[in-house]
Amino acid sequence: MTALVIDAFEFCRTNSTRDGVTPVAEMERFARDCADTSGSITWSATGSTGKLGYPQMRLTVAGTVHLNCQRCLAPFAYDIDSSTVLVLGEDDAKADEIEEIIDDETIDVIVGTRSMNLMDLIEDEALLALPQVPKHEICPDTALLDAVKSEKKSPFDALKSLKK
């Protein structure tokens, strides 16, 4: 994946915006969680200054990827549409202080740098948008699951035969 290095604080101070489309195949960590590397992620990053004067970035990722269903193991299309706000602190102590002041679970506070790889943040956001346990709403072919269920015998079946 091509690095897109920005000065995170300058990016926010100047209300900069970047957007693009990145193929899943170029996102190494993200591609590992997908059934295949087809598809792409459309993303945007917008810098600004928050109400309390802290630099912040809004990241948005969207796209359709293929995941493996954990019930039937068949691949299925999954739509990603996620947006988050990241507030930047200069170091860990400042980030912790900002997090206490903001006290909002929907806003993440991270340590910003003058040479931050924006594509790493985009990939992180895409990873966080994936479900913990990917699965179909209704699995299309349950024949394999039904076969396993029908083969499963109760340990009490042997006791039933002794009772007779």
# chains A, B, ... in the order shown; residues from 1 in each chain; ligands from 1
>>> select_by_dssp(residues="range 20-62 of chain A", states="strand (DSSP E or B)", output="PyMOL selection string")
chain A and resi 20-23+40-49+55-62
>>> closest_atom_pairs(of="range 85-106 of chain A", to="range 44-57 of chain A", cutoff="9 Å", atoms="only C-alpha atoms", output="CSV")
residue,atom,partner,partner_atom,distance
A:Val85,CA,A:Met57,CA,5.7
A:Leu86,CA,A:Met57,CA,5.1
A:Val87,CA,A:Gln56,CA,4.2
A:Leu88,CA,A:Pro55,CA,5.6
A:Gly89,CA,A:Pro55,CA,7.8
A:Ile98,CA,A:Tyr54,CA,8.3
A:Ile102,CA,A:Leu52,CA,8.5
>>> write_last_selection(atoms="C-alpha atoms", output="short mmCIF file (atom, residue, chain, number, x, y, z; two decimals), in the first residue's frame")
data_model
loop_
_atom_site.label_atom_id
_atom_site.label_comp_id
_atom_site.auth_asym_id
_atom_site.auth_seq_id
_atom_site.Cartn_x
_atom_site.Cartn_y
_atom_site.Cartn_z
CA VAL A 85 -13.86 11.24 14.55
CA LEU A 86 -10.28 11.12 15.79
CA VAL A 87 -9.07 13.86 18.12
CA LEU A 88 -5.31 14.38 18.14
CA GLY A 89 -3.03 14.85 21.12
CA ILE A 98 -8.17 15.30 26.18
CA ILE A 102 -14.20 15.27 26.12
#
>>> select_by_dssp(residues="range 37-124 of chain A", states="helix (DSSP H, G or I)", output="PyMOL selection string")
chain A and resi 92-102+118-124
>>> closest_residue(among="A:Leu127, A:Val21, A:Leu159, A:Val65", to="Cys34 in chain A", atoms="only C-alpha atoms")
A:Val65
>>> residues_around(residues="Thr2 in chain A", least_positions_apart="4", cutoff="10 Å", atoms="only C-alpha atoms", output="list in words")
Thr22, Glu26, Met27, Asn117, Met119 and Asp120 of chain A
>>> write_last_selection(atoms="C-alpha atoms", output="PDB file, in the first residue's frame")
ATOM      1  CA  THR A  22      -7.856   1.872  -2.485  1.00  0.00           C
ATOM      2  CA  GLU A  26      -3.266  -3.183  -1.451  1.00  0.00           C
ATOM      3  CA  MET A  27      -4.381  -3.292   2.206  1.00  0.00           C
ATOM      4  CA  ASN A 117       0.656   7.685   7.472  1.00  0.00           C
ATOM      5  CA  MET A 119      -3.360   5.085   4.813  1.00  0.00           C
ATOM      6  CA  ASP A 120      -2.644   3.234   8.084  1.00  0.00           C
TER       7      ASP A 120
END
>>> atom_distance(atom1="CA of Pro134 in chain A", atom2="CA of Ala35 in chain A")
10.7 Å
>>> residues_around(residues="Asp33 in chain A", least_positions_apart="6", cutoff="9 Å", atoms="only C-alpha atoms", output="list of chain:residue names")
A:Leu67, A:Asn68, A:Leu127, A:Leu130
>>> atom_distance(atom1="CA of Ile122 in chain A", atom2="CA of Thr64 in chain A")
15.1 Å
>>> atom_distance(atom1="CA of Ala62 in chain A", atom2="CA of Val109 in chain A")
21.9 Å
>>> closest_residue(among="A:Gln132, A:Cys72, A:Glu90, A:His66", to="Ala31 in chain A", atoms="only C-alpha atoms")
A:His66
